[in-house]
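K.L.:
Got a structure here, written out as structure tokens. Questions coming.
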Amino acid sequence: MRVLGIETSCDETGLAVYDSDQGLLAHVLHSQVDMHQHYGGVVPELASRDHVRRVIPLVKSVLTDSKLTGKDIDGIAYTAGPGLIGALLVGVAVGRSLAYGWGVPAVAIHHMEAHLLAPMLEDNPPQFPFVALLVSGGHTQLVEVRQPGDYRLLGESVDDAAGEAFDKTAKLLGLGYPGGPALAKLAEQGNPARFRFPRPMTDRPGLDFSFSGLKTCALNTVKTEDNDQQTRADIARAFVDAVVDTLIIKCRRALEETGLRTLVVAGGVSANRQLRERLTEVGSQMGALVYFPRPEFCTDNGAMIAYAGYVRLKAGQREPLSFAARARWPMTELQRLGTRD
């Protein structure tokens with residue numbers, strides 16, 4: 001089965017073709033970072049318009065790279081949520097229309113489920129069941145994954161997600177957009193002993209997260225300290241250390257509570273070098289295996305959508321001719337594989 005995946009949930013247009021026998025055949029990505037940098041963040045209307053301009057040329061490009069035509073595609077998967085509603089509608093409309101025109105089935109994909117399954121694209125994929133830490137944009141979640149489509153939410157952020165806190169703190173430090181990678185890079189120059197920020201919600205039971213207080217702590221420190229380069233680096237280091245420690249404490253707790261010994265980490269923040277090194281170390285201490293997607297599949301991409309689409313199409317899921325996008329879409333509402341609503 002060959003599946004075309006389309007990702008347009010935010011500020012990246014991603015296309016990919018996944019073959020059930022040969023694996024990933026090709027993937028292409030256009031980032032809107034240069035366009036949004038001028039505004040200090042994603043402008044939804046501009047994001048939607050850029051997806052309109054890019055998506056069809058990228059469809060043609062990924063088919064050319066795969067040495068295929070539309071006649072060779074067996075199904076189409078598109079991100080239907082969560083995300084920016086206008087951006088989502090571009091991919092949904094194009095994906096469902098191509099499926100109708102080519103006479104193949106279509107399937108709507110949950111953005112976070114696709115991130116969760118991204119490590120399955122690697123040569124050494126994790127085995128089910130496992131605990132997944134999803135840290136992507138506005139989402140920070142711990143999920144028990146029994147099988148594809150069979151998920152139990154263990155904990156999530158009650159306010160700002162880790163990615164949001166990274167971007168907002170980066171803006172406080174004058175790092176612009178996208179803030180997360182720039183903040184992590186600045187933190188590498190910081191003194192870890194100068195400032196210590198709290199590790200929120202780690203002194204009580206449970207697996208929920210809260211990162212808005214860390215942003216406030218960073219703001220208060222910026223206001224009371226000199227605004228020189230080293231101080232900014234030290235604040236960045238304290239912030240990153242606090243986020244990484246919090247994620248590690250909660251991951252360790254999730255593994256202990258579930259009794260599982262496999263951890264999957266996915267989403268944009270999973271590309272953070274410090275988080276990868278520390279979680280790998282914790283996994284070794286606990287006798288647990290820790291898996292990450294390759295860095296290019298940590299951020300939004302079409303490859304993860306194509307693979308998730310293959311999984312759901314193989315299980316028999318199909319979309320009707322009507323289509324819809326969902327800005328908010330809890331994973332607990334996902335259709336279980338093998339069932340039809």
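Starting from 1 in every chain, residues are counted up; chains themselves are A, B, ... following the order of the structure tokens, and ligands are numbered from 1 as listed.
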So that I can check the surroundings of Arg204 (chain A), please list as a list of chain:residue names every protein, DNA and RNA residue that reaches within 12 Å of it, counting only C-alpha atoms and ignoring chain neighbours fewer than 6 positions away.
P.N.:
A:Ile249, A:Lys250, A:Arg253
K.L.:
Counting only C-alpha atoms, what is within 9 Å of region 132-144 of chain A, bar same-chain residues fewer than 6 positions away, as an MDAnalysis selection string?
P.N.:
chainID A and resid 83 112 115:116 150:157 160:164 207:209 247 250:251 254 258 260 262:270 298:300
K.L.:
According to DSSP computed on the backbone, where in region 274-306 of chain A is there alpha helix (DSSP H)? Give the residues as an MDAnalysis selection string.
P.N.:
chainID A and resid 274:286 302:306
K.L.:
Mind dumping the selected residues with N, CA, C and O atoms as a PDB file, in the first residue's frame?
P.N.:
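Just written: part.pdb:
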```
ATOM      1  N   GLN A 274      19.903  18.136  25.154  1.00  0.00           N
ATOM      2  CA  GLN A 274      19.992  17.838  26.583  1.00  0.00           C
ATOM      3  C   GLN A 274      18.917  16.846  27.006  1.00  0.00           C
ATOM      4  O   GLN A 274      19.178  15.914  27.778  1.00  0.00           O
ATOM      5  N   LEU A 275      17.695  17.030  26.497  1.00  0.00           N
ATOM      6  CA  LEU A 275      16.604  16.120  26.848  1.00  0.00           C
ATOM      7  C   LEU A 275      16.909  14.716  26.351  1.00  0.00           C
ATOM      8  O   LEU A 275      16.688  13.727  27.065  1.00  0.00           O
ATOM      9  N   ARG A 276      17.411  14.591  25.149  1.00  0.00           N
ATOM     10  CA  ARG A 276      17.747  13.273  24.598  1.00  0.00           C
ATOM     11  C   ARG A 276      18.819  12.582  25.439  1.00  0.00           C
ATOM     12  O   ARG A 276      18.688  11.397  25.774  1.00  0.00           O
ATOM     13  N   GLU A 277      19.864  13.311  25.769  1.00  0.00           N
ATOM     14  CA  GLU A 277      20.955  12.703  26.530  1.00  0.00           C
ATOM     15  C   GLU A 277      20.491  12.279  27.921  1.00  0.00           C
ATOM     16  O   GLU A 277      20.805  11.169  28.382  1.00  0.00           O
ATOM     17  N   ARG A 278      19.748  13.143  28.592  1.00  0.00           N
ATOM     18  CA  ARG A 278      19.320  12.841  29.956  1.00  0.00           C
ATOM     19  C   ARG A 278      18.312  11.704  29.998  1.00  0.00           C
ATOM     20  O   ARG A 278      18.372  10.835  30.880  1.00  0.00           O
ATOM     21  N   LEU A 279      17.359  11.682  29.056  1.00  0.00           N
ATOM     22  CA  LEU A 279      16.371  10.604  29.054  1.00  0.00           C
ATOM     23  C   LEU A 279      17.015   9.268  28.695  1.00  0.00           C
ATOM     24  O   LEU A 279      16.636   8.219  29.233  1.00  0.00           O
ATOM     25  N   THR A 280      17.976   9.287  27.802  1.00  0.00           N
ATOM     26  CA  THR A 280      18.692   8.052  27.473  1.00  0.00           C
ATOM     27  C   THR A 280      19.434   7.528  28.704  1.00  0.00           C
ATOM     28  O   THR A 280      19.453   6.323  28.968  1.00  0.00           O
ATOM     29  N   GLU A 281      20.004   8.440  29.477  1.00  0.00           N
ATOM     30  CA  GLU A 281      20.698   8.058  30.705  1.00  0.00           C
ATOM     31  C   GLU A 281      19.728   7.481  31.724  1.00  0.00           C
ATOM     32  O   GLU A 281      20.002   6.452  32.355  1.00  0.00           O
ATOM     33  N   VAL A 282      18.568   8.117  31.886  1.00  0.00           N
ATOM     34  CA  VAL A 282      17.560   7.619  32.822  1.00  0.00           C
ATOM     35  C   VAL A 282      17.050   6.249  32.387  1.00  0.00           C
ATOM     36  O   VAL A 282      16.858   5.337  33.206  1.00  0.00           O
ATOM     37  N   GLY A 283      16.834   6.078  31.086  1.00  0.00           N
ATOM     38  CA  GLY A 283      16.395   4.788  30.575  1.00  0.00           C
ATOM     39  C   GLY A 283      17.386   3.696  30.902  1.00  0.00           C
ATOM     40  O   GLY A 283      17.009   2.585  31.307  1.00  0.00           O
ATOM     41  N   SER A 284      18.661   3.995  30.743  1.00  0.00           N
ATOM     42  CA  SER A 284      19.698   3.011  31.068  1.00  0.00           C
ATOM     43  C   SER A 284      19.661   2.654  32.546  1.00  0.00           C
ATOM     44  O   SER A 284      19.794   1.480  32.922  1.00  0.00           O
ATOM     45  N   GLN A 285      19.459   3.634  33.407  1.00  0.00           N
ATOM     46  CA  GLN A 285      19.399   3.382  34.845  1.00  0.00           C
ATOM     47  C   GLN A 285      18.206   2.510  35.225  1.00  0.00           C
ATOM     48  O   GLN A 285      18.297   1.692  36.147  1.00  0.00           O
ATOM     49  N   MET A 286      17.091   2.676  34.501  1.00  0.00           N
ATOM     50  CA  MET A 286      15.862   1.939  34.822  1.00  0.00           C
ATOM     51  C   MET A 286      15.721   0.647  34.033  1.00  0.00           C
ATOM     52  O   MET A 286      14.745  -0.087  34.216  1.00  0.00           O
ATOM     53  N   GLY A 302       5.405  15.534   6.637  1.00  0.00           N
ATOM     54  CA  GLY A 302       4.436  14.682   5.953  1.00  0.00           C
ATOM     55  C   GLY A 302       4.677  13.204   6.151  1.00  0.00           C
ATOM     56  O   GLY A 302       3.749  12.395   6.016  1.00  0.00           O
ATOM     57  N   ALA A 303       5.917  12.815   6.493  1.00  0.00           N
ATOM     58  CA  ALA A 303       6.241  11.397   6.634  1.00  0.00           C
ATOM     59  C   ALA A 303       5.430  10.749   7.751  1.00  0.00           C
ATOM     60  O   ALA A 303       4.891   9.651   7.591  1.00  0.00           O
ATOM     61  N   MET A 304       5.327  11.431   8.880  1.00  0.00           N
ATOM     62  CA  MET A 304       4.580  10.856  10.000  1.00  0.00           C
ATOM     63  C   MET A 304       3.091  10.765   9.668  1.00  0.00           C
ATOM     64  O   MET A 304       2.398   9.845  10.120  1.00  0.00           O
ATOM     65  N   ILE A 305       2.588  11.698   8.862  1.00  0.00           N
ATOM     66  CA  ILE A 305       1.174  11.656   8.464  1.00  0.00           C
ATOM     67  C   ILE A 305       0.941  10.481   7.511  1.00  0.00           C
ATOM     68  O   ILE A 305      -0.060   9.753   7.626  1.00  0.00           O
ATOM     69  N   ALA A 306       1.869  10.280   6.580  1.00  0.00           N
ATOM     70  CA  ALA A 306       1.732   9.166   5.641  1.00  0.00           C
ATOM     71  C   ALA A 306       1.755   7.830   6.374  1.00  0.00           C
ATOM     72  O   ALA A 306       0.960   6.932   6.070  1.00  0.00           O
TER      73      ALA A 306
END
```
K.L.:
With 10 Å as the cut-off and only C-alpha atoms counted, what is the closest atom pair between each nearby residue of region 76-107 of chain A and region 60-71 of chain A? Distances in Å to one decimal, ordered by chain and number, as JSON lines.
P.N.:
```
{"residue": "A:Leu98", "atom": "CA", "partner": "A:Gly70", "partner_atom": "CA", "distance": 8.6}
{"residue": "A:Ala99", "atom": "CA", "partner": "A:Gly70", "partner_atom": "CA", "distance": 9.4}
{"residue": "A:Gly101", "atom": "CA", "partner": "A:Gly70", "partner_atom": "CA", "distance": 9.4}
{"residue": "A:Trp102", "atom": "CA", "partner": "A:Gly70", "partner_atom": "CA", "distance": 6.6}
{"residue": "A:Gly103", "atom": "CA", "partner": "A:Lys71", "partner_atom": "CA", "distance": 9.0}
{"residue": "A:Val104", "atom": "CA", "partner": "A:Lys71", "partner_atom": "CA", "distance": 9.3}
```
K.L.:
One decimal, Å: what's the distance from CA of Leu219 (chain A) over to CA of Gly40 (chain A), could you say?
P.N.:
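Those two atoms sit 17.7 Å apart.
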K.L.:
Could you please determine the separation between CA of Ala242 (chain A) and CA of Gly206 (chain A) in Å, to one decimal place?
P.N.:
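Separation between CA of Ala242 (chain A) and CA of Gly206 (chain A): 17.8 Å.
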K.L.:
In Å to one decimal, how far is CA of Phe239 (chain A) from CA of Pro192 (chain A)?
P.N.:
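Result for CA of Pro192 (chain A) versus CA of Phe239 (chain A): 9.8 Å, one decimal.
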K.L.:
Excluding Val52 (chain A) and any residue of its chain fewer than 5 positions from it, enumerate the residues within 10 Å of it, using only C-alpha atoms, and give them as a list of chain:residue names.
P.N.:
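These residues fall inside the cut-off: A:Thr8, A:Thr13, A:Leu46, A:Ala47, A:Pro57, A:Ala87, A:Leu89, A:Val90, A:Gly91, A:Val94.
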K.L.:
Go ahead and write the residues just picked, C-alpha atoms, as a PDB file, in the first residue's frame.
P.N.:
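Okay, result.pdb is ready:
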```
ATOM      1  CA  THR A   8      -0.559  21.642   6.950  1.00  0.00           C
ATOM      2  CA  THR A  13       3.777  22.273   4.429  1.00  0.00           C
ATOM      3  CA  LEU A  46      -0.525  34.198   6.198  1.00  0.00           C
ATOM      4  CA  ALA A  47       0.127  30.555   7.087  1.00  0.00           C
ATOM      5  CA  PRO A  57       3.570  21.981  -6.249  1.00  0.00           C
ATOM      6  CA  ALA A  87      -4.139  25.939   7.701  1.00  0.00           C
ATOM      7  CA  LEU A  89      -8.544  23.204   5.933  1.00  0.00           C
ATOM      8  CA  VAL A  90      -6.039  23.608   3.103  1.00  0.00           C
ATOM      9  CA  GLY A  91      -4.587  20.136   3.570  1.00  0.00           C
ATOM     10  CA  VAL A  94      -6.716  19.132  -1.068  1.00  0.00           C
TER      11      VAL A  94
END
```
K.L.:
Measuring between only C-alpha atoms, which one of A:Pro181, A:Gly41, A:Pro105, A:Gly176 shows the shortest distance to Arg2 (chain A)?
P.N.:
A:Pro105
K.L.:
Give the answer as one residue: which of A:Asp241, A:Glu225, A:Glu113, A:Asp72 has the shortest atom-to-atom distance to Leu183 (chain A), using only C-alpha atoms?
P.N.:
A:Asp241
K.L.:
When you look at Tyr177 (chain A) with a cut-off of 9 Å (counting only C-alpha atoms), what residues show up, excluding the ones that are within fewer than 2 positions of it in the same chain? I need them as JSON, numbers by chain.
P.N.:
{"A": [33, 36, 37, 38, 39, 40, 41, 42, 167, 170, 171, 175, 179, 180, 182]}
K.L.:
Write the residues of the preceding selection, restricted to N, CA and C atoms, as a compact mmCIF listing (two decimals), in the first residue's frame.
P.N.:
```txt
# COMPACT_ATOMS: atom_id res chain seq x y z
N VAL A 33 9.16 29.71 8.22
CA VAL A 33 9.87 30.44 9.26
C VAL A 33 10.29 31.83 8.80
N HIS A 36 7.32 34.30 8.82
CA HIS A 36 6.74 34.66 10.12
C HIS A 36 7.73 35.37 11.04
N GLN A 37 9.03 35.26 10.76
CA GLN A 37 10.02 35.90 11.62
C GLN A 37 9.78 37.38 11.77
N HIS A 38 9.34 38.01 10.72
CA HIS A 38 9.11 39.45 10.73
C HIS A 38 8.07 39.85 11.77
N TYR A 39 7.13 38.93 12.07
CA TYR A 39 6.04 39.23 13.00
C TYR A 39 6.28 38.67 14.40
N GLY A 40 7.35 37.92 14.57
CA GLY A 40 7.66 37.35 15.89
C GLY A 40 6.83 36.15 16.26
N GLY A 41 6.13 35.56 15.32
CA GLY A 41 5.30 34.39 15.57
C GLY A 41 4.43 34.09 14.36
N VAL A 42 3.71 32.98 14.43
CA VAL A 42 2.91 32.55 13.29
C VAL A 42 1.67 33.43 13.14
N ASP A 167 9.03 29.07 23.54
CA ASP A 167 8.91 30.18 22.61
C ASP A 167 8.68 31.51 23.34
N ALA A 170 11.89 32.57 25.10
CA ALA A 170 12.83 33.05 24.09
C ALA A 170 12.50 34.49 23.69
N LYS A 171 11.23 34.79 23.58
CA LYS A 171 10.82 36.15 23.21
C LYS A 171 11.20 37.13 24.32
N LEU A 175 15.03 36.71 21.58
CA LEU A 175 15.57 35.76 20.61
C LEU A 175 14.71 35.61 19.36
N GLY A 179 11.59 30.51 18.60
CA GLY A 179 12.35 30.72 19.81
C GLY A 179 12.98 29.49 20.43
N GLY A 180 12.30 28.34 20.32
CA GLY A 180 12.77 27.14 21.01
C GLY A 180 14.21 26.76 20.70
N ALA A 182 16.58 28.51 19.35
CA ALA A 182 17.50 29.58 19.72
C ALA A 182 17.74 29.61 21.22
```
K.L.:
Which of these residues is nearest to Asp19 (chain A), using only C-alpha atoms: A:Asn191, A:Pro205, A:Ile109, A:Tyr307?
P.N.:
A:Tyr307
K.L.:
Using only C-alpha atoms, which residue out of A:Asn272, A:Gln147, A:Thr79, A:Gln32 lies closest to Pro178 (chain A)?
P.N.:
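So, comparing all the options, the nearest one is A:Gln32.
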K.L.:
Counting only C-alpha atoms, which residue out of A:Leu58, A:Val92, A:Leu84, A:Tyr18 sits closest to Glu45 (chain A)?
P.N.:
A:Leu84
